[in-house]
file work35.csv (CSV, C-alpha atoms)
chain,number,residue,atom,x,y,z
G,1,MET,CA,15.4,-0.8,-12.8
G,2,ALA,CA,16.6,2.7,-12.2
G,3,ALA,CA,18.5,3.3,-8.9
G,4,GLU,CA,16.2,6.0,-7.8
G,5,VAL,CA,14.2,6.3,-4.5
G,6,LEU,CA,10.4,6.3,-4.8
G,7,ALA,CA,8.9,9.5,-3.5
G,8,GLU,CA,6.3,7.7,-1.4
G,9,LEU,CA,9.0,6.0,0.7
G,10,GLY,CA,9.1,9.0,3.0
G,11,ALA,CA,5.6,8.0,4.3
G,12,VAL,CA,6.9,4.5,5.4
G,13,SER,CA,10.4,5.5,6.5
G,14,TRP,CA,10.3,3.1,9.5
G,15,ARG,CA,10.0,0.1,7.2
G,16,GLN,CA,12.9,-2.2,6.4
G,17,PRO,CA,13.7,-2.1,2.6
G,18,THR,CA,12.0,-5.0,0.8
G,19,ASP,CA,14.7,-6.5,-1.2
G,20,GLU,CA,15.2,-10.1,-2.4
G,21,ARG,CA,16.9,-11.1,0.8
G,22,PHE,CA,14.0,-9.7,2.8
G,23,LEU,CA,11.6,-11.6,0.6
G,24,ARG,CA,13.4,-14.9,1.0
G,25,ARG,CA,13.4,-14.5,4.8
G,26,TYR,CA,9.7,-13.4,4.7
G,27,ALA,CA,8.9,-16.6,2.7
G,28,ARG,CA,10.6,-18.8,5.3
G,29,ILE,CA,8.8,-17.1,8.1
G,30,TRP,CA,5.5,-17.4,6.2
G,31,LEU,CA,6.1,-21.1,5.7
G,32,CYS,CA,6.9,-21.6,9.4
G,33,TRP,CA,3.7,-19.7,10.3
G,34,THR,CA,1.6,-21.8,8.0
G,35,VAL,CA,3.0,-25.0,9.6
G,36,ALA,CA,2.5,-23.5,13.1
G,37,TYR,CA,-1.2,-22.9,12.6
G,38,THR,CA,-2.0,-26.0,10.6
G,39,ALA,CA,0.0,-28.7,12.4
G,40,PRO,CA,-1.9,-28.4,15.7
G,41,PHE,CA,-5.3,-29.0,14.0
G,42,LEU,CA,-3.8,-32.0,12.1
G,43,ALA,CA,-2.3,-33.4,15.3
G,44,ALA,CA,-5.5,-32.9,17.2
G,45,ALA,CA,-7.5,-34.7,14.5
G,46,ILE,CA,-5.1,-37.7,14.5
G,47,GLY,CA,-4.9,-37.8,18.3
G,48,LEU,CA,-8.7,-37.7,18.7
G,49,VAL,CA,-9.2,-40.6,16.4
G,50,MET,CA,-6.4,-42.6,18.1
G,51,LEU,CA,-7.8,-41.9,21.6
G,52,GLU,CA,-11.5,-42.4,20.7
G,53,PRO,CA,-12.5,-43.4,17.2
G,54,LEU,CA,-16.1,-42.2,17.9
G,55,ALA,CA,-14.7,-38.7,18.1
G,56,PHE,CA,-14.1,-38.7,14.3
G,57,PRO,CA,-16.7,-36.0,13.7
G,58,VAL,CA,-14.7,-33.7,15.9
G,59,ALA,CA,-11.5,-34.8,14.1
G,60,LEU,CA,-13.1,-34.0,10.8
G,61,ALA,CA,-13.9,-30.5,12.1
G,62,SER,CA,-10.3,-30.1,13.2
G,63,LEU,CA,-9.1,-31.2,9.7
G,64,ALA,CA,-11.5,-28.7,8.1
G,65,HIS,CA,-9.8,-26.0,10.1
G,66,ALA,CA,-6.4,-27.1,8.9
G,67,TRP,CA,-7.6,-26.8,5.4
G,68,ILE,CA,-9.8,-23.7,5.6
G,69,ILE,CA,-7.3,-21.4,7.3
G,70,PRO,CA,-4.6,-21.6,4.7
G,71,GLU,CA,-7.3,-21.3,2.0
G,72,LEU,CA,-8.4,-18.1,3.5
G,73,TYR,CA,-4.9,-16.7,3.4
G,74,ALA,CA,-4.6,-17.8,-0.2
G,75,PHE,CA,-7.9,-16.1,-0.9
G,76,ARG,CA,-6.6,-12.9,0.6
G,77,GLY,CA,-3.5,-13.2,-1.6
G,78,ALA,CA,-5.6,-13.6,-4.8
G,79,SER,CA,-7.8,-10.8,-3.8
G,80,VAL,CA,-5.1,-8.2,-4.3
G,81,LEU,CA,-5.5,-8.7,-8.1
G,82,ARG,CA,-9.3,-8.7,-8.2
G,83,PRO,CA,-11.0,-5.7,-9.9
G,84,LYS,CA,-11.9,-3.0,-7.3
G,85,GLY,CA,-13.4,0.4,-7.3
G,86,PRO,CA,-15.4,2.3,-10.0
G,87,ARG,CA,-15.3,1.0,-13.5
G,88,ASN,CA,-15.4,4.5,-15.2
G,89,GLN,CA,-16.5,2.9,-18.5
G,90,SER,CA,-16.6,6.3,-20.2
G,91,SER,CA,-12.9,7.1,-19.6
G,92,GLU,CA,-11.5,3.6,-19.5
G,93,ALA,CA,-10.8,3.5,-23.2
G,94,VAL,CA,-8.5,6.6,-22.9
G,95,ALA,CA,-6.8,5.2,-19.9
G,96,GLN,CA,-6.4,1.8,-21.7
G,97,GLY,CA,-4.6,3.6,-24.6
G,98,LEU,CA,-2.1,5.2,-22.3
G,99,LEU,CA,-1.4,2.0,-20.4
G,100,GLY,CA,-1.0,0.2,-23.7
G,101,ASP,CA,1.6,2.8,-24.8
G,102,LEU,CA,3.6,2.1,-21.6
G,103,LEU,CA,3.5,-1.7,-22.1
G,104,GLY,CA,5.4,-3.7,-24.7
G,105,HIS,CA,3.5,-5.7,-27.3
G,106,LEU,CA,3.1,-9.0,-25.5
G,107,PRO,CA,2.3,-7.5,-22.0
G,108,ARG,CA,-0.2,-5.2,-23.8
G,109,GLU,CA,-2.0,-8.2,-25.3
G,110,LEU,CA,-1.9,-10.0,-22.0
G,111,GLN,CA,-3.3,-7.0,-20.1
G,112,ARG,CA,-6.2,-6.6,-22.6
G,113,ARG,CA,-7.1,-10.3,-22.2
G,114,THR,CA,-6.6,-10.6,-18.4
G,115,GLY,CA,-6.7,-7.1,-17.0
G,116,LEU,CA,-3.3,-7.6,-15.4
G,117,ALA,CA,0.0,-5.9,-16.5
G,118,MET,CA,3.1,-8.0,-16.5
G,119,GLN,CA,6.5,-6.4,-15.8
G,120,ARG,CA,9.8,-8.3,-15.6
G,121,SER,CA,12.3,-6.9,-13.1
G,122,ASP,CA,15.3,-7.7,-11.0
G,123,MET,CA,13.3,-9.3,-8.2
G,124,GLY,CA,11.2,-11.5,-10.5
G,125,VAL,CA,8.1,-11.0,-12.6
G,126,TRP,CA,5.4,-8.7,-11.4
G,127,LEU,CA,1.7,-8.8,-12.2
G,128,LEU,CA,-0.1,-5.5,-11.6
G,129,GLY,CA,-3.8,-5.2,-10.9
G,130,GLU,CA,-6.0,-2.2,-10.1
G,131,ALA,CA,-5.2,-2.3,-6.3
G,132,GLY,CA,-2.5,-4.8,-5.8
G,133,ALA,CA,0.5,-6.6,-7.3
G,134,VAL,CA,1.9,-10.1,-7.3
G,135,LEU,CA,5.6,-10.8,-7.5
G,136,VAL,CA,6.5,-14.2,-8.9
G,137,ALA,CA,9.9,-15.0,-7.5
G,138,PRO,CA,12.7,-16.3,-9.8
G,139,GLY,CA,12.0,-19.9,-10.6
G,140,GLY,CA,8.3,-19.5,-10.5
G,141,ARG,CA,7.7,-21.6,-7.4
G,142,ARG,CA,6.7,-18.8,-5.0
G,143,VAL,CA,4.5,-15.7,-5.2
G,144,HIS,CA,4.4,-12.7,-3.0
G,145,CYS,CA,1.1,-10.8,-3.0
G,146,PHE,CA,1.0,-7.1,-2.1
G,147,CYS,CA,-1.8,-4.6,-1.5
G,148,VAL,CA,-0.9,-1.3,-3.1
G,149,ARG,CA,-3.0,1.3,-4.8
G,150,THR,CA,-3.1,4.8,-6.0
G,151,THR,CA,-4.5,7.3,-3.6
G,152,ASP,CA,-6.9,8.6,-6.2
G,153,ARG,CA,-9.7,6.0,-6.3
G,154,GLU,CA,-11.8,7.8,-8.9
G,155,LEU,CA,-9.3,6.9,-11.7
G,156,PRO,CA,-10.4,4.5,-14.4
G,157,PRO,CA,-9.0,0.9,-13.9
G,158,SER,CA,-6.2,1.2,-16.4
G,159,ASP,CA,-4.9,4.4,-14.9
G,160,ARG,CA,-4.8,2.8,-11.5
G,161,ILE,CA,-2.6,0.0,-13.1
G,162,ALA,CA,-0.5,2.6,-14.9
G,163,HIS,CA,0.2,4.4,-11.6
G,164,LEU,CA,1.5,1.1,-10.1
G,165,LEU,CA,3.5,0.4,-13.3
G,166,LEU,CA,5.3,3.8,-13.3
G,167,ALA,CA,6.1,3.5,-9.5
G,168,LEU,CA,7.4,0.0,-10.0
G,169,ARG,CA,9.6,1.1,-12.9
G,170,THR,CA,10.9,4.0,-10.9
G,171,ASP,CA,12.1,2.0,-7.9
G,172,GLU,CA,11.2,-1.7,-7.6
G,173,GLN,CA,12.5,-2.1,-4.0
G,174,GLY,CA,10.7,1.1,-2.9
G,175,PHE,CA,7.5,-0.1,-4.6
G,176,ALA,CA,7.7,-3.4,-2.6
G,177,THR,CA,8.5,-1.5,0.6
G,178,VAL,CA,5.5,0.9,0.3
G,179,ALA,CA,3.2,-2.0,-0.5
G,180,ASN,CA,1.6,-4.2,2.2
G,181,HIS,CA,2.5,-7.8,2.1
G,182,ALA,CA,-0.7,-9.9,2.0
G,183,PHE,CA,0.4,-13.4,1.3
G,184,CYS,CA,3.3,-15.6,0.3
G,185,GLY,CA,3.1,-19.1,-1.0
G,186,ALA,CA,3.0,-21.4,-4.0
G,187,PRO,CA,1.4,-20.0,-7.2
G,188,TRP,CA,-1.2,-22.8,-7.5
G,189,ARG,CA,-2.6,-21.7,-4.1
G,190,VAL,CA,-3.3,-18.2,-5.5
G,191,ARG,CA,-4.2,-19.4,-9.0
G,192,ARG,CA,-7.2,-21.4,-8.0
G,193,ARG,CA,-8.7,-18.4,-6.2
G,194,LEU,CA,-8.2,-16.0,-9.1
G,195,PRO,CA,-11.0,-15.1,-11.5
G,196,VAL,CA,-10.7,-17.5,-14.5
G,197,ALA,CA,-9.9,-14.7,-16.9
G,198,MET,CA,-6.8,-13.7,-14.9
G,199,ARG,CA,-5.3,-17.1,-14.6
G,200,PRO,CA,-3.4,-17.0,-17.9
G,201,ALA,CA,-1.6,-13.9,-16.6
G,202,LEU,CA,-0.3,-15.8,-13.6
G,203,ASP,CA,0.7,-18.7,-15.8
G,204,ALA,CA,2.6,-16.4,-18.1
G,205,ALA,CA,4.3,-14.7,-15.2
G,206,CYS,CA,5.4,-18.1,-13.7
G,207,GLU,CA,6.6,-19.2,-17.1
G,208,ALA,CA,8.6,-16.0,-17.5
G,209,ALA,CA,10.0,-16.3,-14.0
G,210,ARG,CA,11.1,-19.9,-14.7
G,211,ALA,CA,12.7,-18.8,-18.0
G,212,GLU,CA,14.6,-16.0,-16.4
G,213,ASP,CA,15.8,-18.2,-13.6
G,214,GLY,CA,17.1,-20.6,-16.2
G,215,GLU,CA,18.9,-17.8,-18.0
G,216,ARG,CA,20.5,-16.6,-14.8
G,217,ALA,CA,21.7,-20.1,-14.0
B,1,MET,CA,5.9,18.1,-29.9
B,2,SER,CA,6.4,17.4,-26.2
B,3,ARG,CA,3.4,16.8,-23.9
B,4,LEU,CA,2.6,17.1,-20.2
B,5,ILE,CA,-0.3,14.9,-19.2
B,6,LYS,CA,-2.0,14.1,-15.9
B,7,MET,CA,-3.9,10.9,-15.2
B,8,ASP,CA,-7.3,11.8,-13.9
B,9,ALA,CA,-10.9,10.6,-13.9
B,10,SER,CA,-11.2,11.3,-17.7
B,11,GLY,CA,-8.4,8.9,-18.4
B,12,HIS,CA,-5.8,11.6,-18.8
B,13,SER,CA,-5.7,15.3,-19.7
B,14,THR,CA,-3.1,17.1,-21.6
B,15,LEU,CA,-2.0,20.1,-19.5
B,16,ALA,CA,0.5,21.6,-21.8
B,17,GLU,CA,2.3,21.1,-25.1
B,18,TRP,CA,5.5,22.6,-26.3
B,19,THR,CA,8.3,22.3,-28.8
B,20,GLU,CA,12.1,23.0,-28.4
B,21,GLU,CA,11.7,26.4,-30.0
B,22,ASP,CA,8.5,27.4,-28.3
B,23,GLN,CA,9.7,29.2,-25.1
B,24,SER,CA,6.2,30.6,-24.1
B,25,GLY,CA,4.7,27.1,-24.5
B,26,PHE,CA,7.5,25.6,-22.4
B,27,ASP,CA,7.1,28.3,-19.7
B,28,ALA,CA,3.3,27.6,-19.5
B,29,ALA,CA,4.1,23.9,-19.2
B,30,VAL,CA,6.6,24.6,-16.4
B,31,ARG,CA,3.9,26.5,-14.5
B,32,GLU,CA,1.4,23.7,-14.9
B,33,PHE,CA,4.0,21.2,-13.8
B,34,ARG,CA,4.8,23.1,-10.7
B,35,THR,CA,1.2,23.6,-9.8
B,36,ALA,CA,0.6,19.9,-10.1
B,37,LEU,CA,3.6,19.1,-7.9
B,38,ASP,CA,2.3,21.5,-5.3
B,39,GLU,CA,-1.0,19.6,-5.4
B,40,GLY,CA,0.9,16.4,-4.6
B,41,CYS,CA,1.4,14.9,-8.0
B,42,ILE,CA,4.6,13.2,-9.0
B,43,GLY,CA,6.2,13.8,-12.4
B,44,VAL,CA,7.4,10.7,-14.2
B,45,LEU,CA,9.4,10.2,-17.4
B,46,ASP,CA,8.8,6.7,-18.8
B,47,GLN,CA,12.1,5.5,-20.3
B,48,GLY,CA,10.9,2.2,-21.7
B,49,GLU,CA,12.7,-1.1,-21.1
B,50,GLY,CA,11.0,-1.3,-17.7
B,51,GLN,CA,12.5,1.9,-16.4
B,52,ALA,CA,11.0,5.3,-15.3
B,53,GLN,CA,12.4,8.3,-13.7
B,54,GLN,CA,10.8,10.8,-11.3
B,55,VAL,CA,11.4,14.4,-12.3
B,56,ARG,CA,11.1,17.5,-10.2
B,57,GLU,CA,11.9,19.9,-13.0
B,58,LEU,CA,10.2,19.7,-16.4
B,59,PRO,CA,12.7,18.3,-18.9
B,60,ARG,CA,12.5,20.5,-22.0
B,61,ASP,CA,13.5,17.7,-24.4
B,62,ALA,CA,11.2,15.0,-23.0
B,63,GLU,CA,8.5,13.7,-25.4
B,64,LEU,CA,6.0,12.8,-22.7
B,65,VAL,CA,5.9,13.7,-19.0
B,66,ILE,CA,3.2,12.0,-16.9
B,67,LEU,CA,1.8,13.3,-13.7
B,68,ARG,CA,0.6,10.6,-11.3
B,69,ARG,CA,-0.8,10.6,-7.8
B,70,PRO,CA,1.1,8.9,-4.9
B,71,ILE,CA,0.6,5.2,-4.2
B,72,ALA,CA,0.2,3.6,-0.8
B,73,GLY,CA,-0.2,0.2,0.7
B,74,GLY,CA,-3.8,-0.9,0.7
call {"tool": "encode", "arguments": {"input": "work35.csv", "output": "structure tokens"}}
result
Amino acid sequence: MAAEVLAELGAVSWRQPTDERFLRRYARIWLCWTVAYTAPFLAAAIGLVMLEPLAFPVALASLAHAWIIPELYAFRGASVLRPKGPRNQSSEAVAQGLLGDLLGHLPRELQRRTGLAMQRSDMGVWLLGEAGAVLVAPGGRRVHCFCVRTTDRELPPSDRIAHLLLALRTDEQGFATVANHAFCGAPWRVRRRLPVAMRPALDAACEAARAEDGERA
Amino acid sequence: MSRLIKMDASGHSTLAEWTEEDQSGFDAAVREFRTALDEGCIGVLDQGEGQAQQVRELPRDAELVILRRPIAGG
């Protein structure tokens, strides 16, 4: 990636730069947070049954909370890649052509099948959607989901992706800093909440992240 | 032939075209480019291999300069 500062960074000058170190720390905090809001429900469920077995319906409700809340977070993460905004069918073909020119052969084919553009980078492998991006960290065992979009919402879908791709290629760290972090966790948690057509893109990104990690090692 | 394009609701529009020898064409492209920057667009030169460069002056020898809108966290 070029060592250039993204123009949009001026709008979020108070933010700490989102680099690999920041993301590793964020992932640890996210894990602790997940344990912190899940463990009390699990403990309550176990404690209730131990104290009074007849309270098992309440224990089940407590277990349901322990399952549902992380699922809602994962759903929020997957949502960053879902198609959003106007479809602009009449101009999408033109936009698709430009995006195809920007992508290499394999990412272009993947984008046409799944609607997501894949970009390898220093921080991992990115998947870009119309209004968000997912970064698969090196090794493919963790994903970071970001809400980020162009400020012109009338653009056709492929142009919205091209905006994110060009910004990412200009300054990866700046791109991640401008974006809002929505979720961090294991890829499988996001994959099951993605539309079926998009899942091969996440699989390909995880595979690429594993391969790159192997090459680095 | 070099091109200055802007991503818009139609997919993209070609704002100007010029060649190395075509000074008037390049001047017109520079005017269009500056107008777009004043409107808040960002000029980008895609360099392939996962790299792109922001440009504040229109490079005469660039094949394709793309104007995009700013991005923001959703």
call {"tool": "closest_residue", "arguments": {"input": "work35.csv", "among": "G:Ser62, G:Ser91, G:Gln111, G:Ser158", "to": "chain B", "atoms": "only C-alpha atoms"}}
result
G:Ser91
call {"tool": "residues_around", "arguments": {"input": "work35.csv", "residues": "stretch 203-212 of chain G", "least_positions_apart": "2", "cutoff": "12 Å", "atoms": "only C-alpha atoms", "output": "PDB file with C-alpha atoms, in the coordinates of the input"}}
result
ATOM      1  CA  LEU G 106       3.100  -9.000 -25.500  1.00  0.00           C
ATOM      2  CA  PRO G 107       2.300  -7.500 -22.000  1.00  0.00           C
ATOM      3  CA  GLU G 109      -2.000  -8.200 -25.300  1.00  0.00           C
ATOM      4  CA  LEU G 110      -1.900 -10.000 -22.000  1.00  0.00           C
ATOM      5  CA  GLN G 111      -3.300  -7.000 -20.100  1.00  0.00           C
ATOM      6  CA  THR G 114      -6.600 -10.600 -18.400  1.00  0.00           C
ATOM      7  CA  LEU G 116      -3.300  -7.600 -15.400  1.00  0.00           C
ATOM      8  CA  ALA G 117       0.000  -5.900 -16.500  1.00  0.00           C
ATOM      9  CA  MET G 118       3.100  -8.000 -16.500  1.00  0.00           C
ATOM     10  CA  GLN G 119       6.500  -6.400 -15.800  1.00  0.00           C
ATOM     11  CA  ARG G 120       9.800  -8.300 -15.600  1.00  0.00           C
ATOM     12  CA  SER G 121      12.300  -6.900 -13.100  1.00  0.00           C
ATOM     13  CA  ASP G 122      15.300  -7.700 -11.000  1.00  0.00           C
ATOM     14  CA  MET G 123      13.300  -9.300  -8.200  1.00  0.00           C
ATOM     15  CA  GLY G 124      11.200 -11.500 -10.500  1.00  0.00           C
ATOM     16  CA  VAL G 125       8.100 -11.000 -12.600  1.00  0.00           C
ATOM     17  CA  TRP G 126       5.400  -8.700 -11.400  1.00  0.00           C
ATOM     18  CA  LEU G 127       1.700  -8.800 -12.200  1.00  0.00           C
ATOM     19  CA  LEU G 128      -0.100  -5.500 -11.600  1.00  0.00           C
ATOM     20  CA  ALA G 133       0.500  -6.600  -7.300  1.00  0.00           C
ATOM     21  CA  VAL G 134       1.900 -10.100  -7.300  1.00  0.00           C
ATOM     22  CA  LEU G 135       5.600 -10.800  -7.500  1.00  0.00           C
ATOM     23  CA  VAL G 136       6.500 -14.200  -8.900  1.00  0.00           C
ATOM     24  CA  ALA G 137       9.900 -15.000  -7.500  1.00  0.00           C
ATOM     25  CA  PRO G 138      12.700 -16.300  -9.800  1.00  0.00           C
ATOM     26  CA  GLY G 139      12.000 -19.900 -10.600  1.00  0.00           C
ATOM     27  CA  GLY G 140       8.300 -19.500 -10.500  1.00  0.00           C
ATOM     28  CA  ARG G 141       7.700 -21.600  -7.400  1.00  0.00           C
ATOM     29  CA  ARG G 142       6.700 -18.800  -5.000  1.00  0.00           C
ATOM     30  CA  VAL G 143       4.500 -15.700  -5.200  1.00  0.00           C
ATOM     31  CA  ALA G 186       3.000 -21.400  -4.000  1.00  0.00           C
ATOM     32  CA  PRO G 187       1.400 -20.000  -7.200  1.00  0.00           C
ATOM     33  CA  TRP G 188      -1.200 -22.800  -7.500  1.00  0.00           C
ATOM     34  CA  VAL G 190      -3.300 -18.200  -5.500  1.00  0.00           C
ATOM     35  CA  ARG G 191      -4.200 -19.400  -9.000  1.00  0.00           C
ATOM     36  CA  ARG G 192      -7.200 -21.400  -8.000  1.00  0.00           C
ATOM     37  CA  LEU G 194      -8.200 -16.000  -9.100  1.00  0.00           C
ATOM     38  CA  VAL G 196     -10.700 -17.500 -14.500  1.00  0.00           C
ATOM     39  CA  ALA G 197      -9.900 -14.700 -16.900  1.00  0.00           C
ATOM     40  CA  MET G 198      -6.800 -13.700 -14.900  1.00  0.00           C
ATOM     41  CA  ARG G 199      -5.300 -17.100 -14.600  1.00  0.00           C
ATOM     42  CA  PRO G 200      -3.400 -17.000 -17.900  1.00  0.00           C
ATOM     43  CA  ALA G 201      -1.600 -13.900 -16.600  1.00  0.00           C
ATOM     44  CA  GLY G 214      17.100 -20.600 -16.200  1.00  0.00           C
ATOM     45  CA  GLU G 215      18.900 -17.800 -18.000  1.00  0.00           C
ATOM     46  CA  ARG G 216      20.500 -16.600 -14.800  1.00  0.00           C
ATOM     47  CA  ALA G 217      21.700 -20.100 -14.000  1.00  0.00           C
TER      48      ALA G 217
END
call {"tool": "interface_residues", "arguments": {"input": "work35.csv", "of": "chain B", "to": "chain G", "cutoff": "8 Å", "atoms": "all atoms listed in the file", "output": "ChimeraX atom specification"}}
result
/B:7-12,42,44,46,48,50-54,68-74
call {"tool": "atom_distance", "arguments": {"input": "work35.csv", "atom1": "atom CA of B:Glu57", "atom2": "atom CA of G:Trp14"}}
result
28.1 Å
call {"tool": "atom_distance", "arguments": {"input": "work35.csv", "atom1": "atom CA of B:Val30", "atom2": "atom CA of B:Leu58"}}
result
6.1 Å
call {"tool": "residues_around", "arguments": {"input": "work35.csv", "residues": "G:Tyr73", "least_positions_apart": "4", "cutoff": "9 Å", "atoms": "all atoms listed in the file", "output": "NGL selection string"}}
result
:G and (68-69 or 77-78 or 182-184)
call {"tool": "atom_distance", "arguments": {"input": "work35.csv", "atom1": "atom CA of G:Gly129", "atom2": "atom CA of G:Cys32"}}
result
28.2 Å
call {"tool": "closest_residue", "arguments": {"input": "work35.csv", "among": "B:Ala16, B:Lys6, B:Glu21, B:Leu64", "to": "B:Leu37", "atoms": "only C-alpha atoms"}}
result
B:Lys6
call {"tool": "residues_near_point", "arguments": {"input": "work35.csv", "point": "(0.0, 14.4, -22.6)", "cutoff": "9 Å", "atoms": "only C-alpha atoms", "output": "MDAnalysis selection string"}}
result
chainID B and resid 2:6 12:17 63:66
call {"tool": "residues_near_point", "arguments": {"input": "work35.csv", "point": "(12.6, 25.1, -22.6)", "cutoff": "12 Å", "atoms": "only C-alpha atoms", "output": "number ranges by chain"}}
result
B: 2, 17-31, 57-62
call {"tool": "decode", "arguments": {"input": "work35.csv", "residues": "stretch 33-93 of chain G", "atoms": "C-alpha atoms", "output": "PDB file, in the first residue's frame"}}
result
ATOM      1  CA  TRP G  33     -16.306  -8.060  26.375  1.00  0.00           C
ATOM      2  CA  THR G  34     -17.983 -11.108  24.827  1.00  0.00           C
ATOM      3  CA  VAL G  35     -17.026 -13.237  27.817  1.00  0.00           C
ATOM      4  CA  ALA G  36     -18.167 -10.482  30.197  1.00  0.00           C
ATOM      5  CA  TYR G  37     -21.712 -10.317  28.847  1.00  0.00           C
ATOM      6  CA  THR G  38     -22.067 -14.058  28.218  1.00  0.00           C
ATOM      7  CA  ALA G  39     -20.586 -15.574  31.384  1.00  0.00           C
ATOM      8  CA  PRO G  40     -23.100 -14.054  33.846  1.00  0.00           C
ATOM      9  CA  PHE G  41     -26.020 -15.579  31.918  1.00  0.00           C
ATOM     10  CA  LEU G  42     -24.294 -18.978  31.862  1.00  0.00           C
ATOM     11  CA  ALA G  43     -23.441 -18.736  35.544  1.00  0.00           C
ATOM     12  CA  ALA G  44     -27.001 -17.710  36.376  1.00  0.00           C
ATOM     13  CA  ALA G  45     -28.403 -20.658  34.413  1.00  0.00           C
ATOM     14  CA  ILE G  46     -26.144 -23.168  36.172  1.00  0.00           C
ATOM     15  CA  GLY G  47     -26.688 -21.584  39.575  1.00  0.00           C
ATOM     16  CA  LEU G  48     -30.455 -21.593  39.213  1.00  0.00           C
ATOM     17  CA  VAL G  49     -30.605 -25.272  38.326  1.00  0.00           C
ATOM     18  CA  MET G  50     -28.259 -26.149  41.174  1.00  0.00           C
ATOM     19  CA  LEU G  51     -30.303 -24.179  43.701  1.00  0.00           C
ATOM     20  CA  GLU G  52     -33.700 -25.198  42.439  1.00  0.00           C
ATOM     21  CA  PRO G  53     -34.071 -27.720  39.601  1.00  0.00           C
ATOM     22  CA  LEU G  54     -37.649 -26.588  39.034  1.00  0.00           C
ATOM     23  CA  ALA G  55     -36.260 -23.227  37.941  1.00  0.00           C
ATOM     24  CA  PHE G  56     -34.939 -24.798  34.752  1.00  0.00           C
ATOM     25  CA  PRO G  57     -37.294 -22.762  32.480  1.00  0.00           C
ATOM     26  CA  VAL G  58     -35.718 -19.583  33.835  1.00  0.00           C
ATOM     27  CA  ALA G  59     -32.283 -21.173  33.395  1.00  0.00           C
ATOM     28  CA  LEU G  60     -33.179 -21.919  29.769  1.00  0.00           C
ATOM     29  CA  ALA G  61     -34.139 -18.288  29.251  1.00  0.00           C
ATOM     30  CA  SER G  62     -30.813 -17.253  30.722  1.00  0.00           C
ATOM     31  CA  LEU G  63     -28.975 -19.641  28.379  1.00  0.00           C
ATOM     32  CA  ALA G  64     -30.929 -18.215  25.458  1.00  0.00           C
ATOM     33  CA  HIS G  65     -29.659 -14.758  26.355  1.00  0.00           C
ATOM     34  CA  ALA G  66     -26.088 -16.078  26.448  1.00  0.00           C
ATOM     35  CA  TRP G  67     -26.593 -17.406  22.923  1.00  0.00           C
ATOM     36  CA  ILE G  68     -28.673 -14.635  21.381  1.00  0.00           C
ATOM     37  CA  ILE G  69     -26.588 -11.609  22.353  1.00  0.00           C
ATOM     38  CA  PRO G  70     -23.353 -12.790  20.652  1.00  0.00           C
ATOM     39  CA  GLU G  71     -25.470 -13.843  17.665  1.00  0.00           C
ATOM     40  CA  LEU G  72     -26.871 -10.318  17.400  1.00  0.00           C
ATOM     41  CA  TYR G  73     -23.351  -8.898  17.396  1.00  0.00           C
ATOM     42  CA  ALA G  74     -22.334 -11.360  14.672  1.00  0.00           C
ATOM     43  CA  PHE G  75     -25.433 -10.398  12.686  1.00  0.00           C
ATOM     44  CA  ARG G  76     -24.387  -6.771  12.982  1.00  0.00           C
ATOM     45  CA  GLY G  77     -20.954  -7.730  11.673  1.00  0.00           C
ATOM     46  CA  ALA G  78     -22.326  -9.630   8.692  1.00  0.00           C
ATOM     47  CA  SER G  79     -24.710  -6.776   7.923  1.00  0.00           C
ATOM     48  CA  VAL G  80     -21.867  -4.508   6.840  1.00  0.00           C
ATOM     49  CA  LEU G  81     -21.568  -6.577   3.659  1.00  0.00           C
ATOM     50  CA  ARG G  82     -25.257  -6.861   2.823  1.00  0.00           C
ATOM     51  CA  PRO G  83     -26.469  -4.988  -0.265  1.00  0.00           C
ATOM     52  CA  LYS G  84     -27.831  -1.579   0.711  1.00  0.00           C
ATOM     53  CA  GLY G  85     -29.257   1.430  -1.056  1.00  0.00           C
ATOM     54  CA  PRO G  86     -30.651   1.895  -4.567  1.00  0.00           C
ATOM     55  CA  ARG G  87     -29.863  -0.807  -7.145  1.00  0.00           C
ATOM     56  CA  ASN G  88     -29.597   1.616 -10.111  1.00  0.00           C
ATOM     57  CA  GLN G  89     -30.014  -1.238 -12.589  1.00  0.00           C
ATOM     58  CA  SER G  90     -29.698   1.059 -15.605  1.00  0.00           C
ATOM     59  CA  SER G  91     -26.211   2.296 -14.699  1.00  0.00           C
ATOM     60  CA  GLU G  92     -24.907  -0.721 -12.811  1.00  0.00           C
ATOM     61  CA  ALA G  93     -23.450  -2.320 -15.963  1.00  0.00           C
TER      62      ALA G  93
END
